[in-house]
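For reference, final_19.csv is printed below; it contains CSV, C-alpha atoms.
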```csv
chain,number,residue,atom,x,y,z
A,1,MET,CA,-33.6,-30.1,17.9
A,2,ARG,CA,-33.6,-29.0,21.5
A,3,SER,CA,-29.9,-29.9,21.9
A,4,THR,CA,-29.2,-27.7,18.9
A,5,ILE,CA,-31.0,-24.8,20.4
A,6,ARG,CA,-29.2,-25.3,23.7
A,7,ILE,CA,-25.8,-25.1,22.0
A,8,ALA,CA,-26.7,-22.3,19.6
A,9,GLY,CA,-27.9,-20.0,22.4
A,10,PRO,CA,-24.7,-19.9,24.4
A,11,LEU,CA,-22.6,-19.7,21.2
A,12,ALA,CA,-24.6,-16.6,20.1
A,13,ILE,CA,-24.1,-15.0,23.5
A,14,ILE,CA,-20.3,-15.7,23.4
A,15,ALA,CA,-20.1,-14.3,19.9
A,16,LEU,CA,-21.9,-11.1,20.9
A,17,LEU,CA,-19.7,-10.7,24.0
A,18,PHE,CA,-16.6,-11.2,21.8
A,19,LEU,CA,-17.9,-8.7,19.3
A,20,GLY,CA,-18.7,-6.2,22.0
A,21,TYR,CA,-15.3,-6.5,23.6
A,22,ALA,CA,-13.6,-6.1,20.2
A,23,LEU,CA,-15.6,-3.0,19.5
A,24,TYR,CA,-14.8,-1.6,22.9
A,25,SER,CA,-11.1,-2.3,22.9
A,26,HIS,CA,-10.3,-1.7,19.2
A,27,PRO,CA,-13.4,0.0,17.6
A,28,LEU,CA,-11.7,1.1,14.4
A,29,GLY,CA,-9.7,-2.1,14.0
A,30,SER,CA,-12.9,-4.1,14.4
A,31,LEU,CA,-14.7,-2.0,11.8
A,32,PHE,CA,-11.8,-2.3,9.3
A,33,TRP,CA,-11.7,-6.1,9.9
A,34,THR,CA,-15.4,-6.3,8.8
A,35,TYR,CA,-14.6,-4.2,5.7
A,36,GLN,CA,-11.6,-6.4,4.9
A,37,THR,CA,-13.6,-9.6,5.5
A,38,ARG,CA,-16.4,-8.4,3.2
A,39,LEU,CA,-13.8,-7.6,0.5
A,40,SER,CA,-12.2,-11.0,0.8
A,41,TRP,CA,-15.6,-12.7,0.2
A,42,SER,CA,-16.0,-10.7,-3.0
A,43,GLY,CA,-12.6,-11.8,-4.3
A,44,ILE,CA,-10.6,-8.7,-3.5
A,45,VAL,CA,-7.2,-9.6,-2.0
A,46,ARG,CA,-4.8,-7.6,0.2
A,47,ASN,CA,-1.1,-7.9,-0.7
A,48,ALA,CA,2.1,-6.3,0.5
A,49,ALA,CA,5.6,-5.9,-0.8
A,50,ASP,CA,8.9,-4.2,0.2
A,51,ILE,CA,9.9,-1.1,-1.7
A,52,LYS,CA,12.7,1.4,-1.0
A,53,VAL,CA,10.9,3.2,1.9
A,54,GLY,CA,9.5,0.1,3.5
A,55,LYS,CA,6.4,-2.1,3.2
A,56,ILE,CA,3.6,-1.0,0.8
A,57,SER,CA,0.2,-2.6,1.1
A,58,TRP,CA,-2.5,-2.7,-1.5
A,59,LEU,CA,-5.9,-4.2,-2.4
A,60,GLU,CA,-6.4,-5.8,-5.8
A,61,ALA,CA,-9.3,-6.9,-7.9
A,62,GLY,CA,-9.7,-8.1,-11.4
A,63,PHE,CA,-7.3,-10.1,-13.5
A,64,ARG,CA,-3.7,-9.6,-14.7
A,65,GLY,CA,-3.5,-8.7,-18.3
A,66,GLU,CA,-6.5,-6.3,-18.1
A,67,GLU,CA,-6.0,-2.5,-18.4
A,68,ALA,CA,-4.9,-1.2,-14.9
A,69,VAL,CA,-6.7,1.3,-12.7
A,70,VAL,CA,-4.8,2.7,-9.7
A,71,LEU,CA,-7.0,4.2,-7.0
A,72,ILE,CA,-5.3,6.7,-4.6
A,73,HIS,CA,-7.1,7.4,-1.4
A,74,GLY,CA,-7.5,10.8,0.4
A,75,LEU,CA,-6.8,11.9,4.0
A,76,GLY,CA,-8.3,10.1,6.9
A,77,VAL,CA,-7.8,6.7,8.5
A,78,GLU,CA,-9.4,4.2,6.0
A,79,GLY,CA,-6.6,4.3,3.5
A,80,ALA,CA,-7.3,2.0,0.5
A,81,LEU,CA,-10.4,0.7,2.3
A,82,GLU,CA,-12.2,3.8,1.2
A,83,TRP,CA,-12.5,2.2,-2.3
A,84,ARG,CA,-14.3,-0.9,-0.9
A,85,ASP,CA,-17.5,-0.3,-2.9
A,86,ASN,CA,-15.7,0.8,-6.1
A,87,MET,CA,-13.1,-1.9,-6.7
A,88,LYS,CA,-15.3,-4.9,-7.7
A,89,PRO,CA,-17.6,-2.9,-10.0
A,90,LEU,CA,-14.7,-1.3,-11.8
A,91,ALA,CA,-12.9,-4.7,-12.1
A,92,GLU,CA,-16.1,-6.1,-13.6
A,93,GLY,CA,-15.6,-3.5,-16.4
A,94,HIS,CA,-12.5,-5.5,-17.4
A,95,PHE,CA,-9.9,-3.6,-15.4
A,96,ARG,CA,-7.2,-4.7,-13.1
A,97,VAL,CA,-7.8,-2.5,-10.1
A,98,ILE,CA,-5.0,-1.6,-7.6
A,99,ALA,CA,-5.7,0.4,-4.4
A,100,PRO,CA,-2.6,1.0,-2.4
A,101,ASP,CA,-2.3,2.4,1.1
A,102,LEU,CA,-0.1,5.5,0.8
A,103,ILE,CA,3.1,5.5,2.9
A,104,GLY,CA,2.2,6.6,6.4
A,105,PHE,CA,-1.4,5.3,6.0
A,106,GLY,CA,-3.2,2.0,6.6
A,107,ASP,CA,-1.1,-1.1,6.5
A,108,SER,CA,1.8,0.5,4.6
A,109,ALA,CA,5.0,1.5,6.4
A,110,HIS,CA,5.0,4.5,8.7
A,111,PRO,CA,8.6,5.6,8.3
A,112,SER,CA,10.5,8.3,10.1
A,113,THR,CA,11.3,10.1,6.8
A,114,PRO,CA,8.7,12.8,5.9
A,115,SER,CA,5.9,12.0,3.5
A,116,THR,CA,5.7,14.3,0.5
A,117,ILE,CA,3.5,14.4,-2.6
A,118,ASP,CA,6.6,13.4,-4.7
A,119,SER,CA,7.7,10.6,-2.4
A,120,GLU,CA,4.1,9.1,-2.5
A,121,ALA,CA,4.0,9.3,-6.3
A,122,ARG,CA,7.4,7.6,-6.5
A,123,ALA,CA,6.3,4.8,-4.1
A,124,ILE,CA,3.2,4.1,-6.2
A,125,TRP,CA,5.1,4.0,-9.4
A,126,GLU,CA,7.6,1.6,-7.7
A,127,LEU,CA,4.7,-0.6,-6.8
A,128,VAL,CA,3.3,-0.4,-10.3
A,129,ASP,CA,6.7,-1.4,-11.7
A,130,GLY,CA,6.9,-4.3,-9.3
A,131,LEU,CA,3.5,-5.5,-10.6
A,132,LYS,CA,4.8,-5.4,-14.2
A,133,ILE,CA,2.3,-2.8,-15.2
A,134,ASN,CA,3.5,-0.5,-18.0
A,135,GLN,CA,0.5,2.0,-18.3
A,136,ALA,CA,-2.3,2.7,-15.9
A,137,ASN,CA,-5.4,4.8,-15.4
A,138,LEU,CA,-5.0,7.0,-12.3
A,139,ILE,CA,-7.8,8.0,-10.0
A,140,GLY,CA,-7.1,10.1,-6.9
A,141,ARG,CA,-9.4,11.6,-4.2
A,142,ASP,CA,-8.6,14.5,-1.9
A,143,ILE,CA,-4.8,14.7,-1.4
A,144,GLY,CA,-4.6,11.6,-3.6
A,145,ALA,CA,-5.5,13.9,-6.5
A,146,ASP,CA,-2.3,15.8,-6.0
A,147,VAL,CA,-0.4,12.5,-5.9
A,148,VAL,CA,-2.1,11.4,-9.2
A,149,LEU,CA,-1.1,14.7,-10.8
A,150,GLN,CA,2.5,14.2,-9.8
A,151,MET,CA,2.4,10.6,-11.0
A,152,ALA,CA,1.1,11.7,-14.4
A,153,ILE,CA,3.7,14.5,-14.7
A,154,ASP,CA,6.5,12.2,-13.8
A,155,PHE,CA,5.5,9.7,-16.5
A,156,PRO,CA,2.9,11.2,-18.9
A,157,GLU,CA,3.5,8.4,-21.4
A,158,ARG,CA,2.4,5.8,-18.7
A,159,ALA,CA,-0.7,7.7,-17.4
A,160,GLN,CA,-3.5,6.6,-19.8
A,161,ARG,CA,-6.2,8.6,-18.1
A,162,MET,CA,-6.5,10.7,-15.0
A,163,VAL,CA,-9.5,11.3,-12.8
A,164,LEU,CA,-9.4,13.8,-9.9
A,165,VAL,CA,-12.0,13.4,-7.1
A,166,SER,CA,-12.8,16.1,-4.6
A,167,GLY,CA,-9.3,17.5,-4.7
A,168,GLY,CA,-6.2,18.5,-6.6
A,169,LEU,CA,-4.3,21.8,-6.9
A,170,PHE,CA,-6.1,23.0,-3.7
A,171,GLY,CA,-4.3,26.3,-3.4
A,172,LYS,CA,-3.8,28.2,-0.1
A,173,ALA,CA,-7.5,28.5,0.8
A,174,GLY,CA,-8.2,24.9,-0.1
A,175,LEU,CA,-5.3,23.5,1.9
A,176,GLU,CA,-6.4,25.5,4.9
A,177,ARG,CA,-9.8,23.9,4.7
A,178,GLU,CA,-8.1,20.5,4.5
A,179,ARG,CA,-6.2,21.3,7.7
A,180,THR,CA,-9.3,22.4,9.5
A,181,ALA,CA,-11.1,19.1,8.5
A,182,PHE,CA,-8.3,16.6,8.9
A,183,ILE,CA,-5.9,17.8,11.6
A,184,LEU,CA,-7.1,16.7,15.1
A,185,LYS,CA,-6.5,19.1,17.9
A,186,ASP,CA,-8.2,17.3,20.8
A,187,ASP,CA,-10.8,14.6,21.7
A,188,SER,CA,-13.7,16.9,21.1
A,189,GLN,CA,-13.1,16.6,17.3
A,190,ALA,CA,-13.3,12.8,17.3
A,191,PRO,CA,-17.1,12.4,16.5
A,192,GLN,CA,-17.0,14.9,13.6
A,193,PHE,CA,-13.7,13.6,12.3
A,194,ALA,CA,-15.0,10.0,12.5
A,195,SER,CA,-18.2,10.8,10.7
A,196,LEU,CA,-16.3,12.6,7.9
A,197,THR,CA,-13.8,9.9,7.3
A,198,LEU,CA,-15.9,6.7,8.1
A,199,ILE,CA,-19.1,6.9,6.1
A,200,ASP,CA,-20.5,3.6,7.4
A,201,LEU,CA,-19.9,4.4,11.1
A,202,PRO,CA,-23.1,4.4,13.2
A,203,THR,CA,-23.6,7.0,16.0
A,204,MET,CA,-21.9,5.8,19.2
A,205,PRO,CA,-21.5,6.9,22.8
A,206,SER,CA,-19.0,9.6,23.4
A,207,PHE,CA,-16.6,7.3,25.4
A,208,ILE,CA,-16.3,5.1,22.3
A,209,TYR,CA,-15.1,8.1,20.3
A,210,SER,CA,-12.6,8.9,23.0
A,211,ARG,CA,-11.3,5.3,22.8
A,212,MET,CA,-10.9,5.8,19.1
A,213,MET,CA,-8.5,8.6,19.4
A,214,PRO,CA,-5.3,6.6,19.2
A,215,GLU,CA,-6.5,4.9,16.0
A,216,LEU,CA,-7.9,8.1,14.6
A,217,SER,CA,-4.5,9.7,15.2
A,218,SER,CA,-2.5,7.0,13.6
A,219,THR,CA,-2.2,8.9,10.2
A,220,GLN,CA,-1.9,12.4,11.7
A,221,GLU,CA,1.8,12.7,11.2
A,222,ALA,CA,1.6,11.7,7.5
A,223,THR,CA,-1.4,14.0,7.1
A,224,ARG,CA,0.5,17.0,8.5
A,225,GLN,CA,3.6,16.2,6.4
A,226,LEU,CA,1.6,16.0,3.1
A,227,LEU,CA,-0.3,19.2,3.9
A,228,ASP,CA,3.0,21.0,4.7
A,229,ASP,CA,4.5,19.8,1.5
A,230,ALA,CA,1.5,20.5,-0.7
A,231,PRO,CA,2.0,24.2,-1.4
A,232,GLY,CA,5.5,23.7,-2.8
A,233,ALA,CA,4.5,20.5,-4.6
A,234,GLU,CA,1.5,22.2,-6.2
A,235,GLY,CA,3.7,25.1,-7.4
A,236,LYS,CA,5.9,22.6,-9.3
A,237,ILE,CA,2.8,20.8,-10.6
A,238,HIS,CA,1.4,24.0,-12.0
A,239,GLY,CA,4.7,24.6,-13.8
A,240,ASP,CA,4.6,21.2,-15.4
A,241,LEU,CA,0.9,20.9,-16.4
A,242,GLY,CA,2.0,21.2,-20.0
A,243,LYS,CA,3.5,17.7,-19.8
A,244,ILE,CA,0.0,16.2,-19.4
A,245,PHE,CA,-1.7,18.3,-22.0
A,246,ASN,CA,-2.6,15.2,-24.1
A,247,THR,CA,-3.6,13.1,-21.1
A,248,LEU,CA,-7.4,12.4,-20.9
A,249,LYS,CA,-8.6,14.2,-17.7
A,250,GLY,CA,-11.7,13.8,-15.7
A,251,ILE,CA,-13.0,15.5,-12.5
A,252,ILE,CA,-15.7,14.1,-10.2
A,253,TRP,CA,-17.2,16.2,-7.4
A,254,GLY,CA,-20.0,16.0,-4.8
A,255,LYS,CA,-22.4,19.0,-5.2
A,256,LYS,CA,-22.8,19.2,-1.4
A,257,ASP,CA,-19.0,19.0,-0.5
A,258,THR,CA,-18.5,21.2,2.5
A,259,ILE,CA,-14.7,20.9,2.6
A,260,GLN,CA,-14.0,21.6,-1.1
A,261,PRO,CA,-17.1,23.2,-2.6
A,262,ILE,CA,-18.3,22.4,-6.1
A,263,SER,CA,-16.9,25.8,-7.3
A,264,GLU,CA,-13.4,24.2,-6.8
A,265,ALA,CA,-14.3,21.7,-9.5
A,266,ASP,CA,-14.9,24.6,-11.9
A,267,ARG,CA,-11.6,26.2,-10.9
A,268,LEU,CA,-9.7,22.9,-11.4
A,269,HIS,CA,-11.4,22.4,-14.7
A,270,ASP,CA,-10.1,25.8,-15.9
A,271,GLN,CA,-6.6,24.8,-15.0
A,272,LEU,CA,-6.7,21.4,-16.7
A,273,VAL,CA,-7.2,22.0,-20.4
A,274,GLY,CA,-9.6,19.5,-22.0
A,275,SER,CA,-10.9,18.1,-18.7
A,276,ALA,CA,-14.5,16.9,-18.3
A,277,ILE,CA,-16.5,17.3,-15.1
A,278,GLY,CA,-19.0,14.8,-13.5
A,279,SER,CA,-20.9,15.9,-10.4
A,280,ILE,CA,-23.1,14.0,-8.1
A,281,ASP,CA,-26.2,15.4,-6.3
A,282,ASN,CA,-26.6,15.3,-2.5
A,283,THR,CA,-23.0,14.1,-2.0
A,284,GLY,CA,-20.1,15.4,0.1
A,285,HIS,CA,-16.4,15.0,0.1
A,286,THR,CA,-16.3,11.3,-0.5
A,287,PRO,CA,-18.7,10.6,-3.4
A,288,ASN,CA,-17.0,7.2,-4.0
A,289,GLU,CA,-18.3,6.1,-0.6
A,290,GLU,CA,-21.5,8.1,-0.3
A,291,ARG,CA,-23.0,7.3,-3.7
A,292,PRO,CA,-20.8,4.4,-5.0
A,293,ASP,CA,-23.2,3.4,-7.8
A,294,GLU,CA,-23.3,6.8,-9.3
A,295,PHE,CA,-19.6,7.3,-8.8
A,296,ASN,CA,-18.7,4.0,-10.5
A,297,ASP,CA,-20.9,4.9,-13.5
A,298,ILE,CA,-19.2,8.2,-14.0
A,299,ALA,CA,-15.7,6.8,-13.4
A,300,TYR,CA,-16.4,3.9,-15.8
A,301,THR,CA,-17.5,6.4,-18.5
A,302,PHE,CA,-14.3,8.4,-18.1
A,303,LEU,CA,-12.2,5.2,-18.2
A,304,LYS,CA,-13.8,4.0,-21.4
A,305,GLN,CA,-13.2,7.3,-23.3
```

Starting from the coordinates I provided, produce the structure as C-alpha cells.
Amino acid sequence: MRSTIRIAGPLAIIALLFLGYALYSHPLGSLFWTYQTRLSWSGIVRNAADIKVGKISWLEAGFRGEEAVVLIHGLGVEGALEWRDNMKPLAEGHFRVIAPDLIGFGDSAHPSTPSTIDSEARAIWELVDGLKINQANLIGRDIGADVVLQMAIDFPERAQRMVLVSGGLFGKAGLERERTAFILKDDSQAPQFASLTLIDLPTMPSFIYSRMMPELSSTQEATRQLLDDAPGAEGKIHGDLGKIFNTLKGIIWGKKDTIQPISEADRLHDQLVGSAIGSIDNTGHTPNEERPDEFNDIAYTFLKQ
C-alpha cells in the first residue's frame, strides 16, 4: 500500500506539470484535445477526406443508413467542436449526424483561395456525396445558417429540413455586428472573444489570453472572407428563396443574444414562408452550447416534423 502511494504521488505531480505546461504553451490546443477526447469516449469519431479544395475534416455520430443531419458551425475557433453536446443526443434519435469543419476552420484545409458562402456550400455537398448520403437535414448556426440556405437552394430536393440558429440573411446591420464581434483588432479583445466563442473556458490570467492570440487568430482570414462575401451571397439567396418554398424550415434563437437580437429571428421568420420559431430563455448567441438540452429538444422536434 505504501509503495503504491509513493508511486502515485510523483506520477500525479508529473501529470499536473505536464498539463500545466500544455495549457501554457498551447492553451486552445489543450482545451480542444480535452473536447475531442471526451467525444471519442462517447463514440463520436473524427474523419478526414480529400475534396477539390483540399482536406475536409468532420465529426460523426450515429449509424449509416439512418436519416442524416448535417451541422454547420458558426464563426469562431471551435469549428465542428461547437456541436460536442448536441451530436450524441441527436444521434440517439436515430439520426446519422455529420459535423464538418468549414474550409478555413478547424482541422479542414486553410487554402489560399478565398472562402465564400457558395464555396463552403459546395464543399459540404461534396463531402455529403462522398459519404453516399442522398438527402440530409441541414442545421446551421451564425454564418453557417447562410451556408445552409445556400446548400438548400442549390439542391432543394436533397434538403429534407432546414434549421437556422442565431443567424441567416443578416443584412447590412447584422453583418456589421458580426464584424464587431468576430474580427480581432488587437490583444485587448482576446478575453471577450474567447468568452464569446469558447463557452466552457474558465477565467484565466491576462497573459494566457495573450498567448492564445495566435490560435484565436487562426480562423480570422476565413472569417473576413466570408463576411466580405456575405452581402453579395445573401442578395442571391434572397432572389432564390422561392426554390425552398416547400422545404420545412425552423429557426432557433437565444432570447438574450447580444450579437443578433431576438428581433432578428422575427425578421428572418417573415422572410422564410412557413418557418417555425423556437426560442430559449437566458441564452445568447450559442444556444446549442449554452443550453444544449433545451436546444436538442427543440432541434429534435423540428427534425421529426

Can you list every residue of region 93-123 of chain A that has an atom at most 6 Å from region 56-60 of chain A, with its nearest atom pair and the distance in Å to one decimal, using all atoms listed in the file, ordered by chain then number, as CSV?
```
residue,atom,partner,partner_atom,distance
A:Val97,CA,A:Glu60,CA,5.6
A:Ile98,CA,A:Glu60,CA,4.8
A:Ala99,CA,A:Leu59,CA,5.0
A:Pro100,CA,A:Trp58,CA,3.8
A:Asp101,CA,A:Ser57,CA,5.6
A:Asp107,CA,A:Ser57,CA,5.8
A:Ser108,CA,A:Ile56,CA,4.5
```

Step by step: start from the point (-4.2, 6.5, -2.3) in the file's coordinates, keep every protein, DNA or RNA residue that has an atom no farther than 8 Å from it, count only C-alpha atoms, and write the set as a count of residues only. 14

Which residues come within 10 Å of Pro292 (chain A), counting only C-alpha atoms, excluding same-chain residues fewer than 4 positions away, as a short mmCIF file (atom, residue, chain, number, x, y, z; two decimals) with C-alpha atoms, in the coordinates of the input?
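Everything below was put into part07.cif:
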```
data_model
loop_
_atom_site.label_atom_id
_atom_site.label_comp_id
_atom_site.auth_asym_id
_atom_site.auth_seq_id
_atom_site.Cartn_x
_atom_site.Cartn_y
_atom_site.Cartn_z
CA TRP A 83 -12.50 2.20 -2.30
CA ARG A 84 -14.30 -0.90 -0.90
CA ASP A 85 -17.50 -0.30 -2.90
CA ASN A 86 -15.70 0.80 -6.10
CA PRO A 89 -17.60 -2.90 -10.00
CA THR A 286 -16.30 11.30 -0.50
CA PRO A 287 -18.70 10.60 -3.40
CA ASN A 288 -17.00 7.20 -4.00
CA ASN A 296 -18.70 4.00 -10.50
CA ASP A 297 -20.90 4.90 -13.50
CA ILE A 298 -19.20 8.20 -14.00
#
```

Nearest candidate to Trp253 (chain A) (options A:Ala152, A:Ala145, A:Val273, A:Ile183; using only C-alpha atoms): A:Ala145

Choose the residue, out of A:Leu149, A:Leu196, A:Ile259, A:Leu164, that has the smallest atom-to-atom separation from Ser279 (chain A); count only C-alpha atoms.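 Ranked by minimum distance to Ser279 (chain A), first place goes to A:Leu164.
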
Each residue of region 162-237 of chain A lying at most 9 Å from region 26-50 of chain A should get a row with its shortest atom-to-atom pair and the distance in Å to one decimal, counting only C-alpha atoms; could you produce that, ordered by chain and increasing number, as CSV?
```
residue,atom,partner,partner_atom,distance
A:Leu201,CA,A:Leu31,CA,8.3
A:Ile208,CA,A:Pro27,CA,7.5
A:Tyr209,CA,A:Pro27,CA,8.7
A:Arg211,CA,A:Pro27,CA,7.7
A:Met212,CA,A:Pro27,CA,6.5
A:Glu215,CA,A:Leu28,CA,6.6
A:Leu216,CA,A:Leu28,CA,8.0
```

Resulting file, chosen residues, C-alpha atoms, as a short mmCIF file (atom, residue, chain, number, x, y, z; two decimals), keeping the file's coordinate frame:
```cif
data_model
loop_
_atom_site.label_atom_id
_atom_site.label_comp_id
_atom_site.auth_asym_id
_atom_site.auth_seq_id
_atom_site.Cartn_x
_atom_site.Cartn_y
_atom_site.Cartn_z
CA LEU A 201 -19.90 4.40 11.10
CA ILE A 208 -16.30 5.10 22.30
CA TYR A 209 -15.10 8.10 20.30
CA ARG A 211 -11.30 5.30 22.80
CA MET A 212 -10.90 5.80 19.10
CA GLU A 215 -6.50 4.90 16.00
CA LEU A 216 -7.90 8.10 14.60
#
```

As an NGL selection string, please: the residues near Pro111 (chain A) (cut-off 8 Å, only C-alpha atoms, same-chain neighbours under 6 positions excluded). :A and (53-54 or 103-104)

Distance CA of Ile143 (chain A)-CA of Glu92 (chain A), one decimal place?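 Between CA of Ile143 (chain A) and CA of Glu92 (chain A) the gap is 26.6 Å.
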
How many Å separate CA of Gly167 (chain A) from CA of Asn246 (chain A)?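 Separation of CA of Gly167 (chain A) and CA of Asn246 (chain A): 20.7 Å.
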
Top pick for closest residue to Ile124 (chain A), considering A:Val70, A:Ile199, A:Leu75, A:Ala299 and counting all atoms listed in the file: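 Counting all atoms listed in the file, the residue closest to Ile124 (chain A) is A:Val70.
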
Expressed in Å to a single decimal, how great is the separation between CA of Leu272 (chain A) and CA of Ile244 (chain A)?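 Value for the CA of Leu272 (chain A)-CA of Ile244 (chain A) distance: 8.9 Å.
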
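Using all atoms listed in the file, the shortest contact distance between Ala173 (chain A) and any of A:Gly254, A:Pro114, A:Pro261, A:Gly130 is found at A:Pro261.
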
Counting all atoms listed in the file, which residues come within 8 Å of (1.0, 16.4, -13.9), with the point read in the file's coordinates, and could you list them as a ChimeraX atom specification? /A:148-154,156,237-238,240-244

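Distances from A:Met87, A:Ala233, A:Leu138, A:Leu227 to Thr247 (chain A) were compared using only C-alpha atoms, and the smallest one belongs to A:Leu138.
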
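Of the residues under consideration (A:Phe295, A:Ile277, A:Asp229, A:Ala91), A:Asp229 shows the shortest atom-to-atom contact distance to Gly171 (chain A) when counting all atoms listed in the file.
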
Subset file as a PDB file, in the first residue's frame: region 180-198 of chain A, N, CA and C atoms:
```pdb
ATOM      1  N   THR A 180     -17.965  43.273 -35.722  1.00  0.00           N
ATOM      2  CA  THR A 180     -17.579  43.814 -34.423  1.00  0.00           C
ATOM      3  C   THR A 180     -17.261  42.692 -33.438  1.00  0.00           C
ATOM      4  N   ALA A 181     -18.031  41.616 -33.485  1.00  0.00           N
ATOM      5  CA  ALA A 181     -17.863  40.519 -32.529  1.00  0.00           C
ATOM      6  C   ALA A 181     -16.722  39.581 -32.892  1.00  0.00           C
ATOM      7  N   PHE A 182     -16.520  39.327 -34.187  1.00  0.00           N
ATOM      8  CA  PHE A 182     -15.648  38.215 -34.581  1.00  0.00           C
ATOM      9  C   PHE A 182     -14.360  38.610 -35.291  1.00  0.00           C
ATOM     10  N   ILE A 183     -14.153  39.880 -35.559  1.00  0.00           N
ATOM     11  CA  ILE A 183     -12.881  40.302 -36.150  1.00  0.00           C
ATOM     12  C   ILE A 183     -12.001  40.889 -35.059  1.00  0.00           C
ATOM     13  N   LEU A 184     -10.855  40.268 -34.841  1.00  0.00           N
ATOM     14  CA  LEU A 184      -9.921  40.697 -33.798  1.00  0.00           C
ATOM     15  C   LEU A 184      -9.039  41.826 -34.320  1.00  0.00           C
ATOM     16  N   LYS A 185      -8.960  42.893 -33.552  1.00  0.00           N
ATOM     17  CA  LYS A 185      -8.096  44.017 -33.929  1.00  0.00           C
ATOM     18  C   LYS A 185      -6.781  44.011 -33.153  1.00  0.00           C
ATOM     19  N   ASP A 186      -6.815  43.613 -31.883  1.00  0.00           N
ATOM     20  CA  ASP A 186      -5.589  43.566 -31.081  1.00  0.00           C
ATOM     21  C   ASP A 186      -5.795  42.630 -29.893  1.00  0.00           C
ATOM     22  N   ASP A 187      -4.731  42.473 -29.089  1.00  0.00           N
ATOM     23  CA  ASP A 187      -4.752  41.537 -27.966  1.00  0.00           C
ATOM     24  C   ASP A 187      -5.807  41.875 -26.920  1.00  0.00           C
ATOM     25  N   SER A 188      -6.190  43.146 -26.825  1.00  0.00           N
ATOM     26  CA  SER A 188      -7.137  43.543 -25.787  1.00  0.00           C
ATOM     27  C   SER A 188      -8.498  42.880 -25.971  1.00  0.00           C
ATOM     28  N   GLN A 189      -8.799  42.440 -27.196  1.00  0.00           N
ATOM     29  CA  GLN A 189     -10.082  41.795 -27.468  1.00  0.00           C
ATOM     30  C   GLN A 189     -10.085  40.314 -27.116  1.00  0.00           C
ATOM     31  N   ALA A 190      -8.909  39.759 -26.813  1.00  0.00           N
ATOM     32  CA  ALA A 190      -8.795  38.310 -26.624  1.00  0.00           C
ATOM     33  C   ALA A 190      -9.729  37.760 -25.549  1.00  0.00           C
ATOM     34  N   PRO A 191      -9.808  38.348 -24.342  1.00  0.00           N
ATOM     35  CA  PRO A 191     -10.698  37.777 -23.323  1.00  0.00           C
ATOM     36  C   PRO A 191     -12.167  37.754 -23.752  1.00  0.00           C
ATOM     37  N   GLN A 192     -12.639  38.859 -24.323  1.00  0.00           N
ATOM     38  CA  GLN A 192     -14.036  38.929 -24.749  1.00  0.00           C
ATOM     39  C   GLN A 192     -14.307  37.952 -25.886  1.00  0.00           C
ATOM     40  N   PHE A 193     -13.393  37.895 -26.850  1.00  0.00           N
ATOM     41  CA  PHE A 193     -13.546  36.990 -27.989  1.00  0.00           C
ATOM     42  C   PHE A 193     -13.547  35.542 -27.515  1.00  0.00           C
ATOM     43  N   ALA A 194     -12.629  35.214 -26.596  1.00  0.00           N
ATOM     44  CA  ALA A 194     -12.544  33.844 -26.091  1.00  0.00           C
ATOM     45  C   ALA A 194     -13.809  33.456 -25.333  1.00  0.00           C
ATOM     46  N   SER A 195     -14.324  34.359 -24.504  1.00  0.00           N
ATOM     47  CA  SER A 195     -15.535  34.034 -23.747  1.00  0.00           C
ATOM     48  C   SER A 195     -16.748  33.899 -24.659  1.00  0.00           C
ATOM     49  N   LEU A 196     -16.750  34.612 -25.777  1.00  0.00           N
ATOM     50  CA  LEU A 196     -17.855  34.539 -26.732  1.00  0.00           C
ATOM     51  C   LEU A 196     -17.846  33.233 -27.500  1.00  0.00           C
ATOM     52  N   THR A 197     -16.670  32.772 -27.870  1.00  0.00           N
ATOM     53  CA  THR A 197     -16.565  31.620 -28.758  1.00  0.00           C
ATOM     54  C   THR A 197     -16.189  30.324 -28.052  1.00  0.00           C
ATOM     55  N   LEU A 198     -15.814  30.385 -26.775  1.00  0.00           N
ATOM     56  CA  LEU A 198     -15.423  29.198 -26.020  1.00  0.00           C
ATOM     57  C   LEU A 198     -16.220  29.181 -24.723  1.00  0.00           C
TER      58      LEU A 198
END
```
